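Everything below concerns the one structure shown next.
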Amino acid sequence: MRLGLHYWNYSKPADPSKIAPTLAETATIAEQTGVSAFTVMDHYFQMEFQTSAEEPMLEAYTTLGYLAAKTERMTLGVLVTGVMYRYPGLLAKIVTTLDVLSGGRARLGIGASWYDREQRGLGVPVVPVGERFERLEEALRICLQMWSDDNGRFDGRHYQLAETLSVPAPISRPHPPIMIGGGGEKKTLRLVARYADACNLFGNSPSEVAHKLDVLRKHCAAEGRDYDGIEKTVMVMRPPLADVDGWVAEVAEYAALGVTEVQTMPDRHPVEFAQQLAEQQIPARLAELS
């Protein structure tokens, strides 16, 4: 079992000039501790249900480019790229750039996007949910075409590309892994079965994750896809440091379901959080799970 750290809060410390060094120190400690993946949110306003929209937030891919120069081994990705925020051809180029500059450590986490306030606030089109999923599927197809030998046209309902040229190609082979985030049973998990290398589910409970994976298995059967060929990842919502043994025990239940990576979020100053992960040997304990 691998551990990912999801960096979601830029409010600690309060001084904006300390954001960059705090981010770099957290990532460095996490990598030295054995954390295998580092992800950030794709938001421009902080999420209101977490704190206040006026709290600090950084653009995701610029942040990951900074971290590519500060780290050496961790996978870097956005959890989860909002499909409405970037034209898909440009998104493929952005992720390719991250992959090249990080030495092949990028992954594309993507989903249907949802935060209407920031979209309206910044002039991003707000479209019905059904259209967002149509755009998500076209974006996945465009990225896969851009990462293939096919440089030709793409003609979709929502996106039309005259050519899908992307040079240089990603270092990752055959392309940066695609992880679709979300547990929607009719659309999201169907898209996972059709296009993704990995899924990402909210870990509210092992029983809920077990149900979502059963749904994914059925979609894989319908799509003719090997269920075991899709990596299962879970964002564990329970804070790990309040009860380390209990948290590891819960993660062991996810491991028994076939989950191979869990993510956790700092619930205090991020440098202190990373240090505590090391002191409690949490990455090492998870590595023993199978």
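The way I read the labels, and the way they are meant: chains A, B, ... in the order of the structure tokens, residue 1 as the first residue of every chain, and ligand 1 as the first ligand shown, with later ones counted on from there.
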
Picked from region 109-237 of chain A by DSSP as alpha helix (DSSP H), as a PyMOL selection string: chain A and resi 116-122+129-146+188-195+206-223

query: Can you list, as a list of chain:residue names, every protein, DNA or RNA residue that comes within 10 Å of Asp245 (chain A) when you count only C-alpha atoms, leaving out same-chain residues fewer than 6 positions away?
result: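 Counting only C-alpha atoms, the residues come to A:Val251, A:Gln280, A:Ile282, A:Arg285.
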
Given the selection you just returned, output its residues as a file containing all heavy atoms, formatted as a PDB file, in the first residue's frame.
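For reference, out_34.pdb as written:
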ATOM      1  N   VAL A 251      -7.104   1.470   6.811  1.00  0.00           N
ATOM      2  CA  VAL A 251      -6.421   1.343   5.526  1.00  0.00           C
ATOM      3  C   VAL A 251      -6.201  -0.121   5.169  1.00  0.00           C
ATOM      4  O   VAL A 251      -6.280  -0.505   3.992  1.00  0.00           O
ATOM      5  CB  VAL A 251      -5.091   2.121   5.546  1.00  0.00           C
ATOM      6  CG1 VAL A 251      -4.272   1.852   4.293  1.00  0.00           C
ATOM      7  CG2 VAL A 251      -5.360   3.623   5.674  1.00  0.00           C
ATOM      8  N   GLN A 280       5.661   8.781  13.167  1.00  0.00           N
ATOM      9  CA  GLN A 280       4.757   7.662  13.412  1.00  0.00           C
ATOM     10  C   GLN A 280       4.976   6.504  12.430  1.00  0.00           C
ATOM     11  O   GLN A 280       4.272   5.493  12.505  1.00  0.00           O
ATOM     12  CB  GLN A 280       3.303   8.140  13.317  1.00  0.00           C
ATOM     13  CG  GLN A 280       2.914   9.188  14.335  1.00  0.00           C
ATOM     14  CD  GLN A 280       2.908   8.655  15.758  1.00  0.00           C
ATOM     15  OE1 GLN A 280       2.720   7.464  15.979  1.00  0.00           O
ATOM     16  NE2 GLN A 280       3.113   9.534  16.726  1.00  0.00           N
ATOM     17  N   ILE A 282       4.234   6.081   9.399  1.00  0.00           N
ATOM     18  CA  ILE A 282       3.009   5.688   8.704  1.00  0.00           C
ATOM     19  C   ILE A 282       3.291   5.150   7.302  1.00  0.00           C
ATOM     20  O   ILE A 282       2.758   4.089   6.935  1.00  0.00           O
ATOM     21  CB  ILE A 282       2.013   6.866   8.680  1.00  0.00           C
ATOM     22  CG1 ILE A 282       1.482   7.085  10.121  1.00  0.00           C
ATOM     23  CG2 ILE A 282       0.859   6.593   7.726  1.00  0.00           C
ATOM     24  CD1 ILE A 282       0.514   8.236  10.263  1.00  0.00           C
ATOM     25  N   ARG A 285       4.542   1.612   7.672  1.00  0.00           N
ATOM     26  CA  ARG A 285       3.516   0.673   8.120  1.00  0.00           C
ATOM     27  C   ARG A 285       2.568   0.309   6.992  1.00  0.00           C
ATOM     28  O   ARG A 285       2.141  -0.847   6.867  1.00  0.00           O
ATOM     29  CB  ARG A 285       2.749   1.261   9.296  1.00  0.00           C
ATOM     30  CG  ARG A 285       3.589   1.410  10.562  1.00  0.00           C
ATOM     31  CD  ARG A 285       2.787   1.983  11.720  1.00  0.00           C
ATOM     32  NE  ARG A 285       1.744   1.060  12.160  1.00  0.00           N
ATOM     33  CZ  ARG A 285       0.934   1.292  13.203  1.00  0.00           C
ATOM     34  NH1 ARG A 285       1.055   2.418  13.900  1.00  0.00           N
ATOM     35  NH2 ARG A 285       0.010   0.420  13.546  1.00  0.00           N
TER      36      ARG A 285
END

In region 59-278 of chain A, DSSP strand (DSSP E or B) residues written as a ChimeraX atom specification: /A:75-78,81-82,106-111,154-155,160-161,178-181,198-203,231-236,259-264

task: Would you kindly return, as a ChimeraX atom specification, each protein, DNA or RNA residue with an atom no farther than 9 Å from any atom of Pro176 (chain A), considering only C-alpha atoms and excluding same-chain residues fewer than 5 positions away?
output: /A:95-96,99,104-108,147,170-171

Just to be explicit: take each residue in the selection above, keep N, CA and C atoms, and write the result as a PDB file, in the first residue's frame.
ATOM      1  N   VAL A  95       0.046  18.700 -19.002  1.00  0.00           N
ATOM      2  CA  VAL A  95       0.454  17.496 -18.284  1.00  0.00           C
ATOM      3  C   VAL A  95       1.715  16.904 -18.902  1.00  0.00           C
ATOM      4  N   THR A  96       1.832  16.975 -20.223  1.00  0.00           N
ATOM      5  CA  THR A  96       3.061  16.523 -20.877  1.00  0.00           C
ATOM      6  C   THR A  96       4.251  17.334 -20.402  1.00  0.00           C
ATOM      7  N   ASP A  99       5.239  16.238 -17.064  1.00  0.00           N
ATOM      8  CA  ASP A  99       5.870  14.927 -17.122  1.00  0.00           C
ATOM      9  C   ASP A  99       7.325  15.028 -17.583  1.00  0.00           C
ATOM     10  N   GLY A 104       9.191  12.197 -15.872  1.00  0.00           N
ATOM     11  CA  GLY A 104       8.228  11.115 -16.033  1.00  0.00           C
ATOM     12  C   GLY A 104       7.410  10.824 -14.793  1.00  0.00           C
ATOM     13  N   ARG A 105       7.139  11.854 -13.971  1.00  0.00           N
ATOM     14  CA  ARG A 105       6.429  11.640 -12.700  1.00  0.00           C
ATOM     15  C   ARG A 105       5.021  12.231 -12.675  1.00  0.00           C
ATOM     16  N   ALA A 106       4.508  12.657 -13.814  1.00  0.00           N
ATOM     17  CA  ALA A 106       3.175  13.273 -13.837  1.00  0.00           C
ATOM     18  C   ALA A 106       2.093  12.216 -13.965  1.00  0.00           C
ATOM     19  N   ARG A 107       0.926  12.522 -13.403  1.00  0.00           N
ATOM     20  CA  ARG A 107      -0.263  11.756 -13.716  1.00  0.00           C
ATOM     21  C   ARG A 107      -1.419  12.734 -13.882  1.00  0.00           C
ATOM     22  N   LEU A 108      -2.370  12.335 -14.711  1.00  0.00           N
ATOM     23  CA  LEU A 108      -3.536  13.172 -14.968  1.00  0.00           C
ATOM     24  C   LEU A 108      -4.694  12.668 -14.133  1.00  0.00           C
ATOM     25  N   TRP A 147      -1.468  11.823 -26.923  1.00  0.00           N
ATOM     26  CA  TRP A 147      -0.357  11.011 -26.415  1.00  0.00           C
ATOM     27  C   TRP A 147      -0.123   9.756 -27.254  1.00  0.00           C
ATOM     28  N   PRO A 170       5.342  12.663 -23.879  1.00  0.00           N
ATOM     29  CA  PRO A 170       5.636  12.424 -22.468  1.00  0.00           C
ATOM     30  C   PRO A 170       6.754  11.409 -22.282  1.00  0.00           C
ATOM     31  N   ILE A 171       7.440  11.518 -21.164  1.00  0.00           N
ATOM     32  CA  ILE A 171       8.443  10.515 -20.807  1.00  0.00           C
ATOM     33  C   ILE A 171       7.767   9.246 -20.318  1.00  0.00           C
TER      34      ILE A 171
END

message: List as a list in words the protein and nucleic acid residues near Ala193 (chain A), meaning an atom at most 7 Å away when only C-alpha atoms are counted, but skip any in the same chain fewer than 5 places from it.
response: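 Close residues of Ala193 (chain A): Leu216, His219, Cys220, Glu223 and Arg225 of chain A.
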
Grab the residues selected above and save them as a PDB file, in the first residue's frame with all heavy atoms.
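Output contents, as saved in selection26.pdb:
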ATOM      1  N   LEU A 216     -17.853  -0.687 -10.245  1.00  0.00           N
ATOM      2  CA  LEU A 216     -16.794  -0.582 -11.253  1.00  0.00           C
ATOM      3  C   LEU A 216     -16.561  -1.936 -11.933  1.00  0.00           C
ATOM      4  O   LEU A 216     -16.377  -2.000 -13.152  1.00  0.00           O
ATOM      5  CB  LEU A 216     -15.504  -0.083 -10.599  1.00  0.00           C
ATOM      6  CG  LEU A 216     -14.272  -0.028 -11.507  1.00  0.00           C
ATOM      7  CD1 LEU A 216     -14.499   0.898 -12.701  1.00  0.00           C
ATOM      8  CD2 LEU A 216     -13.043   0.403 -10.717  1.00  0.00           C
ATOM      9  N   HIS A 219     -19.122  -2.398 -14.573  1.00  0.00           N
ATOM     10  CA  HIS A 219     -18.857  -1.572 -15.752  1.00  0.00           C
ATOM     11  C   HIS A 219     -17.713  -2.163 -16.571  1.00  0.00           C
ATOM     12  O   HIS A 219     -17.749  -2.139 -17.813  1.00  0.00           O
ATOM     13  CB  HIS A 219     -18.514  -0.144 -15.333  1.00  0.00           C
ATOM     14  CG  HIS A 219     -19.699   0.690 -14.959  1.00  0.00           C
ATOM     15  ND1 HIS A 219     -20.744   0.930 -15.815  1.00  0.00           N
ATOM     16  CD2 HIS A 219     -20.000   1.362 -13.806  1.00  0.00           C
ATOM     17  CE1 HIS A 219     -21.650   1.700 -15.225  1.00  0.00           C
ATOM     18  NE2 HIS A 219     -21.226   1.975 -13.998  1.00  0.00           N
ATOM     19  N   CYS A 220     -16.693  -2.683 -15.904  1.00  0.00           N
ATOM     20  CA  CYS A 220     -15.579  -3.295 -16.627  1.00  0.00           C
ATOM     21  C   CYS A 220     -16.054  -4.490 -17.445  1.00  0.00           C
ATOM     22  O   CYS A 220     -15.634  -4.679 -18.596  1.00  0.00           O
ATOM     23  CB  CYS A 220     -14.490  -3.725 -15.647  1.00  0.00           C
ATOM     24  SG  CYS A 220     -13.524  -2.358 -14.958  1.00  0.00           S
ATOM     25  N   GLU A 223     -17.781  -3.216 -20.487  1.00  0.00           N
ATOM     26  CA  GLU A 223     -16.877  -2.570 -21.446  1.00  0.00           C
ATOM     27  C   GLU A 223     -15.819  -3.527 -21.990  1.00  0.00           C
ATOM     28  O   GLU A 223     -15.011  -3.129 -22.837  1.00  0.00           O
ATOM     29  CB  GLU A 223     -16.172  -1.386 -20.769  1.00  0.00           C
ATOM     30  CG  GLU A 223     -17.088  -0.249 -20.366  1.00  0.00           C
ATOM     31  CD  GLU A 223     -17.587   0.554 -21.548  1.00  0.00           C
ATOM     32  OE1 GLU A 223     -16.930   0.517 -22.617  1.00  0.00           O
ATOM     33  OE2 GLU A 223     -18.642   1.197 -21.424  1.00  0.00           O
ATOM     34  N   ARG A 225     -13.335  -4.675 -20.186  1.00  0.00           N
ATOM     35  CA  ARG A 225     -12.088  -4.173 -19.594  1.00  0.00           C
ATOM     36  C   ARG A 225     -11.687  -5.064 -18.424  1.00  0.00           C
ATOM     37  O   ARG A 225     -12.540  -5.529 -17.654  1.00  0.00           O
ATOM     38  CB  ARG A 225     -12.313  -2.733 -19.111  1.00  0.00           C
ATOM     39  CG  ARG A 225     -11.101  -2.090 -18.443  1.00  0.00           C
ATOM     40  CD  ARG A 225     -10.116  -1.602 -19.474  1.00  0.00           C
ATOM     41  NE  ARG A 225      -8.898  -1.120 -18.833  1.00  0.00           N
ATOM     42  CZ  ARG A 225      -8.748   0.119 -18.338  1.00  0.00           C
ATOM     43  NH1 ARG A 225      -9.748   0.990 -18.406  1.00  0.00           N
ATOM     44  NH2 ARG A 225      -7.600   0.473 -17.791  1.00  0.00           N
TER      45      ARG A 225
END

task: Using only C-alpha atoms, find the one residue out of A:Pro206, A:His158, A:Leu144, A:Val248 that sits nearest to Lys93 (chain A).
output: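 Among the listed residues, A:Leu144 lies closest to Lys93 (chain A).
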
message: Give me the residues near region 124-135 of chain A as a PyMOL selection string, where near means some atom within 8 Å (using only C-alpha atoms) and where sequence neighbours in that chain fewer than 6 positions away do not count.
response: chain A and resi 83-85+112-113+116+118+158-159+187

For those residues, write N, CA and C atoms to a file as a compact mmCIF listing (two decimals), in the first residue's frame.
# COMPACT_ATOMS: atom_id res chain seq x y z
N VAL A 83 -12.66 19.55 -15.60
CA VAL A 83 -12.66 19.51 -17.05
C VAL A 83 -13.00 20.86 -17.67
N MET A 84 -13.71 21.72 -16.96
CA MET A 84 -14.13 22.99 -17.55
C MET A 84 -13.04 24.05 -17.53
N TYR A 85 -11.94 23.82 -16.83
CA TYR A 85 -10.98 24.90 -16.60
C TYR A 85 -9.94 25.07 -17.71
N ALA A 112 -15.30 15.86 -13.45
CA ALA A 112 -16.30 16.66 -14.16
C ALA A 112 -16.38 18.12 -13.68
N SER A 113 -15.71 18.49 -12.59
CA SER A 113 -15.72 19.84 -12.01
C SER A 113 -17.10 20.18 -11.46
N ASP A 116 -19.37 25.97 -8.67
CA ASP A 116 -19.99 27.01 -9.50
C ASP A 116 -19.53 28.41 -9.12
N GLU A 118 -16.61 29.64 -8.10
CA GLU A 118 -15.36 30.07 -8.71
C GLU A 118 -15.49 30.14 -10.23
N HIS A 158 -18.30 18.90 -28.56
CA HIS A 158 -17.93 20.11 -27.83
C HIS A 158 -16.55 20.66 -28.21
N TYR A 159 -15.66 19.80 -28.71
CA TYR A 159 -14.29 20.22 -29.03
C TYR A 159 -13.93 19.74 -30.42
N LYS A 187 -22.11 7.30 -14.45
CA LYS A 187 -21.26 7.94 -15.45
C LYS A 187 -19.78 7.87 -15.10

- prompt: Quick one: distance from CA of Leu90 (chain A) to CA of Ser148 (chain A) in Å, one decimal?
  reply: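 Pair CA of Leu90 (chain A) / CA of Ser148 (chain A) returns 15.3 Å.
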
message: Can you pull out the residues contacting Gly152 (chain A)? Cut-off 8 Å, using only C-alpha atoms, and skip same-chain residues under 6 positions away; I want them as a ChimeraX atom specification.
response: /A:162-165

- request: Take CA of Glu25 (chain A) and CA of Val271 (chain A) and report the distance between them in Å, one decimal.
  value: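 Distance between the two atoms: 6.6 Å.
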
Where does region 72-189 of chain A meet region 45-54 of chain A within 12 Å, residue by residue, with the nearest atom pair and distance in Å to one decimal for each, counting only C-alpha atoms, listed by chain and rising number, as a tab-separated table?
residue	atom	partner	partner_atom	distance
A:Trp114	CA	A:Met47	CA	10.7
A:Tyr115	CA	A:Met47	CA	7.9
A:Asp116	CA	A:Phe45	CA	10.4
A:Arg117	CA	A:Phe45	CA	8.2
A:Glu118	CA	A:Phe45	CA	5.8
A:Gln119	CA	A:Phe45	CA	9.3
A:Arg120	CA	A:Phe45	CA	11.1
A:Gly121	CA	A:Phe45	CA	9.1
A:Leu122	CA	A:Phe45	CA	9.5

- request: Tell me which of A:Met237, A:Val192, A:Leu286, A:Met1 sits closest to Pro266 (chain A), counting only C-alpha atoms.
  value: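 That would be A:Met237, the residue with the smallest distance to Pro266 (chain A).
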
Between CA of Lys12 (chain A) and CA of His269 (chain A) - distance in Å to one decimal: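 Taking CA of His269 (chain A) and CA of Lys12 (chain A), their separation equals 5.8 Å.
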